[in-house]
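Just query.txt here, compact mmCIF, C-alpha atoms:
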# COMPACT_ATOMS: atom_id res chain seq x y z
CA ASN X 1 84.00 109.35 98.46
CA PHE X 2 83.32 107.27 101.54
CA GLN X 3 85.76 106.39 104.30
CA PHE X 4 85.75 102.90 105.81
CA SER X 5 87.04 102.18 109.28
CA PHE X 6 86.76 99.22 111.63
CA THR X 7 85.16 99.90 115.00
CA SER X 8 85.64 98.23 118.35
CA PRO X 9 82.96 95.54 118.29
CA PRO X 10 84.50 92.88 116.07
CA ARG X 11 82.92 92.34 112.67
CA SER X 12 81.31 95.77 112.39
CA LEU X 13 82.02 98.40 109.78
CA LEU X 14 81.60 102.15 110.10
CA VAL X 15 80.92 104.04 106.89
CA VAL X 16 81.30 107.80 107.13
CA ASN X 17 80.03 110.25 104.55
CA PRO X 18 82.55 113.11 104.39
CA ALA X 19 79.74 115.58 103.67
CA ASN X 20 78.13 114.71 107.04
CA TYR X 21 81.42 114.72 108.93
CA ASN X 22 81.41 117.46 111.55
CA THR X 23 84.84 118.29 112.97
CA SER X 24 83.36 119.67 116.19
CA GLN X 25 81.86 116.27 117.07
CA ALA X 26 83.93 113.69 118.89
CA LYS X 27 82.67 110.91 116.59
CA PRO X 28 81.53 111.08 112.97
CA THR X 29 77.90 110.47 112.09
CA PRO X 30 77.70 106.92 110.71
CA LEU X 31 75.47 105.94 107.84
CA PRO X 32 73.30 102.85 108.28
CA VAL X 33 74.96 99.96 106.46
CA ARG X 34 73.68 96.45 105.96
CA LEU X 35 76.52 93.96 105.63
CA ILE X 36 76.06 90.91 103.44
CA TYR X 37 79.54 89.43 103.89
CA PRO X 38 81.31 89.04 107.23
CA VAL X 39 83.85 91.81 107.57
CA PRO X 40 87.26 90.64 108.81
CA THR X 41 88.65 92.62 111.69
CA ILE X 42 92.10 94.17 111.73
CA PRO X 43 93.48 91.67 114.30
CA THR X 44 92.23 88.82 112.13
CA LEU X 45 93.89 90.28 109.07
CA LEU X 46 97.17 90.88 110.83
CA LYS X 47 96.87 87.75 112.99
CA SER X 48 98.19 89.86 115.82
CA ASN X 49 95.50 88.78 118.25
CA LEU X 50 97.17 85.41 118.84
CA ILE X 51 100.78 86.43 118.44
CA PHE X 52 101.24 89.80 120.12
CA GLN X 53 98.35 90.31 122.53
CA GLN X 54 99.18 88.76 125.89
CA THR X 55 96.96 90.80 128.18
CA GLN X 56 94.17 93.33 127.88
CA THR X 57 93.69 95.99 130.54
CA THR X 58 90.37 97.62 131.27
CA THR X 59 89.95 100.47 133.72
CA THR X 60 86.75 101.44 135.53
CA LYS X 61 86.27 104.07 138.26
CA ASN X 62 88.61 102.78 140.97
CA LYS X 63 89.47 99.34 139.66
CA THR X 64 91.88 98.13 136.98
CA THR X 65 91.23 94.65 135.62
CA THR X 66 93.75 92.72 133.54
CA MET X 67 92.45 89.96 131.32
CA VAL X 68 94.99 87.19 130.74
CA SER X 69 95.15 85.33 127.41
CA ASP X 70 94.25 81.65 127.17
CA ASN X 71 97.84 80.62 126.39
CA THR X 72 99.00 82.29 129.60
CA LYS X 73 96.32 80.51 131.62
CA ILE X 74 97.15 77.12 130.12
CA GLY X 75 100.87 77.76 130.56
CA THR X 76 100.40 78.68 134.21
CA GLY X 77 98.41 75.50 134.76
CA LEU X 78 101.10 73.41 133.07
CA MET X 79 103.77 75.08 135.19
CA PHE X 80 101.74 74.24 138.31
CA LEU X 81 101.43 70.62 137.15
CA GLY X 82 105.17 70.57 136.47
CA PHE X 83 105.90 71.78 139.99
CA THR X 84 103.43 69.20 141.33
CA PHE X 85 105.17 66.35 139.52
CA LEU X 86 108.56 67.65 140.61
CA PHE X 87 107.33 67.72 144.21
CA LEU X 88 105.92 64.19 143.92
CA GLY X 89 109.15 62.98 142.31
CA ILE X 90 111.14 64.34 145.25
CA LEU X 91 108.58 62.98 147.72
CA PHE X 92 108.82 59.49 146.23
CA LEU X 93 112.58 59.40 146.78
CA PHE X 94 113.67 61.04 143.54
CA ASP X 95 111.57 59.01 141.12
CA SER X 96 113.14 59.84 137.78
CA ALA X 97 109.94 59.34 135.74
CA LEU X 98 107.97 61.87 137.82
CA LEU X 99 110.87 64.31 137.81
CA ALA X 100 111.26 64.04 134.03
CA LEU X 101 107.52 64.58 133.52
CA GLY X 102 107.66 67.58 135.85
CA ASP X 103 110.58 69.07 133.91
CA ILE X 104 108.81 68.68 130.57
CA LEU X 105 105.56 70.15 131.88
CA PHE X 106 107.40 73.05 133.50
CA LEU X 107 109.29 73.95 130.32
CA THR X 108 106.13 73.65 128.21
CA GLY X 109 104.19 75.82 130.66
CA LEU X 110 106.93 78.42 130.72
CA THR X 111 106.91 78.57 126.93
CA LEU X 112 103.13 79.04 126.82
CA THR X 113 103.13 81.58 129.65
CA ILE X 114 105.73 83.99 128.30
CA GLY X 115 105.71 83.00 124.61
CA VAL X 116 108.13 81.15 122.35
CA HIS X 117 110.14 84.20 121.31
CA ARG X 118 110.62 85.43 124.87
CA THR X 119 111.54 81.92 126.04
CA LEU X 120 114.21 81.57 123.37
CA ARG X 121 115.49 85.06 124.12
CA PHE X 122 115.49 84.28 127.84
CA PHE X 123 117.48 81.08 127.43
CA SER X 124 120.00 82.62 125.04
CA ARG X 125 121.25 85.46 127.23
CA ARG X 126 124.98 85.35 127.86
CA ASP X 127 124.76 86.89 131.33
CA ARG X 128 122.71 83.87 132.51
CA LEU X 129 124.82 81.20 130.85
CA ARG X 130 125.78 79.58 134.16
CA GLY X 131 122.13 79.16 135.19
CA ILE X 132 121.11 77.95 131.72
CA LEU X 133 123.79 75.28 131.65
CA ALA X 134 123.02 74.19 135.21
CA PHE X 135 119.28 73.96 134.58
CA PHE X 136 119.42 72.11 131.26
CA GLY X 137 122.29 69.95 132.52
CA GLY X 138 120.08 69.02 135.47
CA VAL X 139 117.19 68.21 133.12
CA ALA X 140 119.51 66.02 131.05
CA LEU X 141 120.79 64.24 134.18
CA VAL X 142 117.23 63.55 135.33
CA LEU X 143 116.34 62.17 131.90
CA LEU X 144 119.48 59.98 132.06
CA ARG X 145 118.21 58.63 135.43
CA TRP X 146 120.60 60.46 137.73
CA PRO X 147 117.83 62.26 139.60
CA MET X 148 119.62 63.46 142.77
CA ILE X 149 122.51 65.18 141.04
CA GLY X 150 120.16 66.47 138.34
CA MET X 151 117.78 68.02 140.86
CA VAL X 152 120.61 69.77 142.69
CA ALA X 153 121.77 71.27 139.38
CA GLN X 154 118.19 72.22 138.46
CA VAL X 155 117.52 73.95 141.77
CA TYR X 156 120.68 75.98 141.35
CA GLY X 157 119.72 76.83 137.77
CA LEU X 158 116.12 77.70 138.76
CA VAL X 159 117.19 80.09 141.46
CA TYR X 160 119.76 81.66 139.19
CA LEU X 161 117.40 81.98 136.20
CA PHE X 162 113.88 82.41 137.53
CA GLY X 163 114.36 84.38 140.72
CA GLN X 164 112.77 87.41 139.06
CA PHE X 165 109.94 85.35 137.51
CA PHE X 166 108.44 83.97 140.75
CA PRO X 167 106.33 87.10 141.51
CA ILE X 168 104.85 87.04 137.98
CA ALA X 169 103.87 83.37 138.31
CA ALA X 170 102.33 84.04 141.72
CA ALA X 171 100.25 86.89 140.27
CA SER X 172 98.98 84.57 137.50
CA LEU X 173 98.15 81.84 140.00
CA LYS X 174 95.84 84.19 141.93
CA ASP X 175 93.20 83.71 139.21
CA VAL X 176 93.34 79.89 139.20
CA PRO X 177 90.14 78.54 140.81
CA VAL X 178 91.48 75.97 143.29
CA ILE X 179 94.78 77.45 144.41
CA GLY X 180 94.00 81.13 143.78
CA GLY X 181 92.83 81.61 147.37
CA VAL X 182 96.20 80.43 148.67
CA PHE X 183 98.06 82.99 146.55
CA ARG X 184 95.65 85.77 147.58
CA HIS X 185 96.37 85.14 151.27
CA PRO X 186 98.20 88.14 152.80
CA ALA X 187 101.12 86.06 154.09
CA VAL X 188 101.72 84.52 150.65
CA GLU X 189 101.32 87.88 148.88
CA GLY X 190 103.93 89.37 151.21
CA PHE X 191 106.36 86.59 150.32
CA PHE X 192 106.23 87.36 146.60

Same coordinates, now as structure tokens:
Amino acid sequence: NFQFSFTSPPRSLLVVNPANYNTSQAKPTPLPVRLIYPVPTIPTLLKSNLIFQQTQTTTTKNKTTTMVSDNTKIGTGLMFLGFTFLFLGILFLFDSALLALGDILFLTGLTLTIGVHRTLRFFSRRDRLRGILAFFGGVALVLLRWPMIGMVAQVYGLVYLFGQFFPIAAASLKDVPVIGGVFRHPAVEGFF
């Protein structure tokens, strides 16, 4: 009778002979095994690596490092592009095409950053119904080429909905190469 268990380096298999298993040892004595077929890992079998794992935290002596998933990085970049297009749309006297592009990029980035399930759960809460209606009503008004009224409604909806999300976005933007230095500045860190 042999026991099979997956170990931490992906695609490796640990075979333990129960006769050689010593309960006083922290780890069992593995037998040398030569694998002919690639062994699927548990996250691959469950497909949980892409769905559930957002961040991975590693701790060393005095430093904790959080690794952010690729979807979160792409989503943060899309949110930044959305804010950039929204800013340019306002700068160019409420250009409805730039504002609409900014809205679409922002919503896509938000969905990638926090996940589809969390986004749907966030936008279906009854206690935030006023902010949800104001924000999506503003998006609809911008898409219908009423940019000034739409932006006023969106700003109200953004403040009402995402006031608690701004510090999380700022923490994610610290790792972005170009603008990360701005968000690591002490004055900006104190603001968030």

Fill in: Near-Ala169 of chain X list (8 Å; all atoms listed in the file; drop same-chain fewer than 4 positions) as a PyMOL selection string
chain X and resi 76+165+173

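Between atom CA of Ser96 of chain X and atom CA of Ala153 of chain X lies a distance of 14.4 Å.
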
Item to complete: Tell me which protein, DNA and RNA residues are within 7 Å of segment 102-116 of chain X, counting all atoms listed in the file, leaving out same-chain ones fewer than 3 positions away, and put them as a ChimeraX atom specification.
Response: /X:71-72,75-76,78-79,81-83,85-86,98-99,119-120,139

Worksheet item: Between atom CA of Val152 of chain X and atom CA of Val182 of chain X, what is the distance, to one decimal in Å?
Response: 27.3 Å

Discussion item. Just to confirm, what's the straight-line distance from atom CA of Gly150 of chain X to atom CA of Gly137 of chain X in Å (one decimal)?
Written reply: 7.1 Å

Item to complete: Could you check which of X:Leu158, X:Ala100, X:Ile168, X:Ile132 is closest to Leu144 of chain X, using only C-alpha atoms?
Response: X:Ala100

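Using all atoms listed in the file, the shortest contact distance between Val188 of chain X and any of X:Met148, X:Ala170, X:Leu101, X:Met67 is found at X:Ala170.
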
Produce segment 145-185 of chain X of the given structure as output with N, CA and C atoms, as a CSV table (one decimal), in the first residue's frame.
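New file out_15.csv:
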chain,number,residue,atom,x,y,z
X,145,ARG,N,-25.2,60.6,-25.6
X,145,ARG,CA,-24.6,61.9,-25.9
X,145,ARG,C,-25.2,63.1,-25.1
X,146,TRP,N,-25.4,62.9,-23.9
X,146,TRP,CA,-25.7,63.9,-22.9
X,146,TRP,C,-24.6,63.9,-21.9
X,147,PRO,N,-23.4,64.3,-22.3
X,147,PRO,CA,-22.2,64.0,-21.4
X,147,PRO,C,-22.2,64.8,-20.1
X,148,MET,N,-22.6,66.1,-20.1
X,148,MET,CA,-22.5,66.9,-18.9
X,148,MET,C,-23.4,66.3,-17.8
X,149,ILE,N,-24.7,66.1,-18.1
X,149,ILE,CA,-25.6,65.6,-17.1
X,149,ILE,C,-25.2,64.2,-16.7
X,150,GLY,N,-24.7,63.4,-17.6
X,150,GLY,CA,-24.3,62.0,-17.4
X,150,GLY,C,-23.1,62.0,-16.4
X,151,MET,N,-22.1,62.9,-16.6
X,151,MET,CA,-20.9,62.9,-15.8
X,151,MET,C,-21.3,63.4,-14.4
X,152,VAL,N,-22.2,64.3,-14.2
X,152,VAL,CA,-22.6,64.7,-12.9
X,152,VAL,C,-23.2,63.5,-12.1
X,153,ALA,N,-24.1,62.8,-12.8
X,153,ALA,CA,-24.7,61.6,-12.2
X,153,ALA,C,-23.6,60.5,-11.9
X,154,GLN,N,-22.7,60.3,-12.8
X,154,GLN,CA,-21.6,59.3,-12.6
X,154,GLN,C,-20.7,59.7,-11.4
X,155,VAL,N,-20.4,61.0,-11.3
X,155,VAL,CA,-19.5,61.4,-10.1
X,155,VAL,C,-20.3,61.1,-8.8
X,156,TYR,N,-21.5,61.5,-8.8
X,156,TYR,CA,-22.3,61.2,-7.6
X,156,TYR,C,-22.3,59.7,-7.3
X,157,GLY,N,-22.6,58.9,-8.3
X,157,GLY,CA,-22.7,57.4,-8.2
X,157,GLY,C,-21.3,56.8,-7.8
X,158,LEU,N,-20.2,57.4,-8.4
X,158,LEU,CA,-18.9,56.9,-8.0
X,158,LEU,C,-18.5,57.2,-6.6
X,159,VAL,N,-18.8,58.3,-6.1
X,159,VAL,CA,-18.5,58.7,-4.7
X,159,VAL,C,-19.4,57.8,-3.8
X,160,TYR,N,-20.6,57.6,-4.1
X,160,TYR,CA,-21.5,56.8,-3.3
X,160,TYR,C,-21.1,55.4,-3.3
X,161,LEU,N,-20.7,54.8,-4.5
X,161,LEU,CA,-20.4,53.4,-4.6
X,161,LEU,C,-19.0,53.1,-4.2
X,162,PHE,N,-18.0,53.8,-4.7
X,162,PHE,CA,-16.6,53.4,-4.7
X,162,PHE,C,-15.8,54.1,-3.7
X,163,GLY,N,-16.4,54.8,-2.7
X,163,GLY,CA,-15.6,55.5,-1.8
X,163,GLY,C,-14.7,54.6,-0.9
X,164,GLN,N,-15.1,53.4,-0.7
X,164,GLN,CA,-14.3,52.5,0.1
X,164,GLN,C,-13.3,51.7,-0.8
X,165,PHE,N,-13.5,51.8,-2.1
X,165,PHE,CA,-12.6,51.1,-3.0
X,165,PHE,C,-11.4,51.8,-3.4
X,166,PHE,N,-11.3,53.1,-3.2
X,166,PHE,CA,-10.2,54.0,-3.7
X,166,PHE,C,-8.9,53.6,-3.0
X,167,PRO,N,-8.8,53.2,-1.7
X,167,PRO,CA,-7.6,52.8,-1.1
X,167,PRO,C,-7.1,51.5,-1.7
X,168,ILE,N,-7.9,50.6,-2.1
X,168,ILE,CA,-7.5,49.3,-2.7
X,168,ILE,C,-6.9,49.5,-4.0
X,169,ALA,N,-7.5,50.4,-4.8
X,169,ALA,CA,-7.0,50.7,-6.2
X,169,ALA,C,-5.7,51.4,-6.1
X,170,ALA,N,-5.5,52.3,-5.1
X,170,ALA,CA,-4.2,53.0,-4.9
X,170,ALA,C,-3.1,52.0,-4.5
X,171,ALA,N,-3.5,51.0,-3.7
X,171,ALA,CA,-2.5,50.0,-3.3
X,171,ALA,C,-2.1,49.1,-4.5
X,172,SER,N,-3.0,48.8,-5.4
X,172,SER,CA,-2.6,48.1,-6.6
X,172,SER,C,-1.8,48.9,-7.6
X,173,LEU,N,-2.1,50.2,-7.6
X,173,LEU,CA,-1.3,51.1,-8.5
X,173,LEU,C,0.1,51.3,-8.1
X,174,LYS,N,0.5,51.0,-6.9
X,174,LYS,CA,1.8,51.2,-6.4
X,174,LYS,C,2.8,50.3,-7.1
X,175,ASP,N,2.3,49.1,-7.7
X,175,ASP,CA,3.2,48.2,-8.4
X,175,ASP,C,3.2,48.4,-9.9
X,176,VAL,N,2.5,49.4,-10.4
X,176,VAL,CA,2.5,49.7,-11.8
X,176,VAL,C,3.8,50.4,-12.1
X,177,PRO,N,4.5,50.1,-13.2
X,177,PRO,CA,5.9,50.7,-13.4
X,177,PRO,C,5.9,52.2,-13.5
X,178,VAL,N,5.1,52.8,-14.3
X,178,VAL,CA,5.2,54.2,-14.6
X,178,VAL,C,4.7,55.1,-13.5
X,179,ILE,N,3.5,54.7,-13.1
X,179,ILE,CA,2.8,55.6,-12.1
X,179,ILE,C,2.9,55.1,-10.6
X,180,GLY,N,3.6,54.0,-10.4
X,180,GLY,CA,3.8,53.4,-9.1
X,180,GLY,C,4.5,54.3,-8.2
X,181,GLY,N,5.5,55.1,-8.7
X,181,GLY,CA,6.3,56.0,-7.9
X,181,GLY,C,5.4,57.1,-7.3
X,182,VAL,N,4.4,57.6,-8.1
X,182,VAL,CA,3.5,58.6,-7.6
X,182,VAL,C,2.7,58.1,-6.5
X,183,PHE,N,2.2,56.9,-6.6
X,183,PHE,CA,1.3,56.3,-5.5
X,183,PHE,C,2.1,55.9,-4.3
X,184,ARG,N,3.5,55.8,-4.4
X,184,ARG,CA,4.3,55.5,-3.3
X,184,ARG,C,4.8,56.7,-2.6
X,185,HIS,N,4.5,57.9,-3.1
X,185,HIS,CA,4.9,59.1,-2.5
X,185,HIS,C,4.2,59.3,-1.2
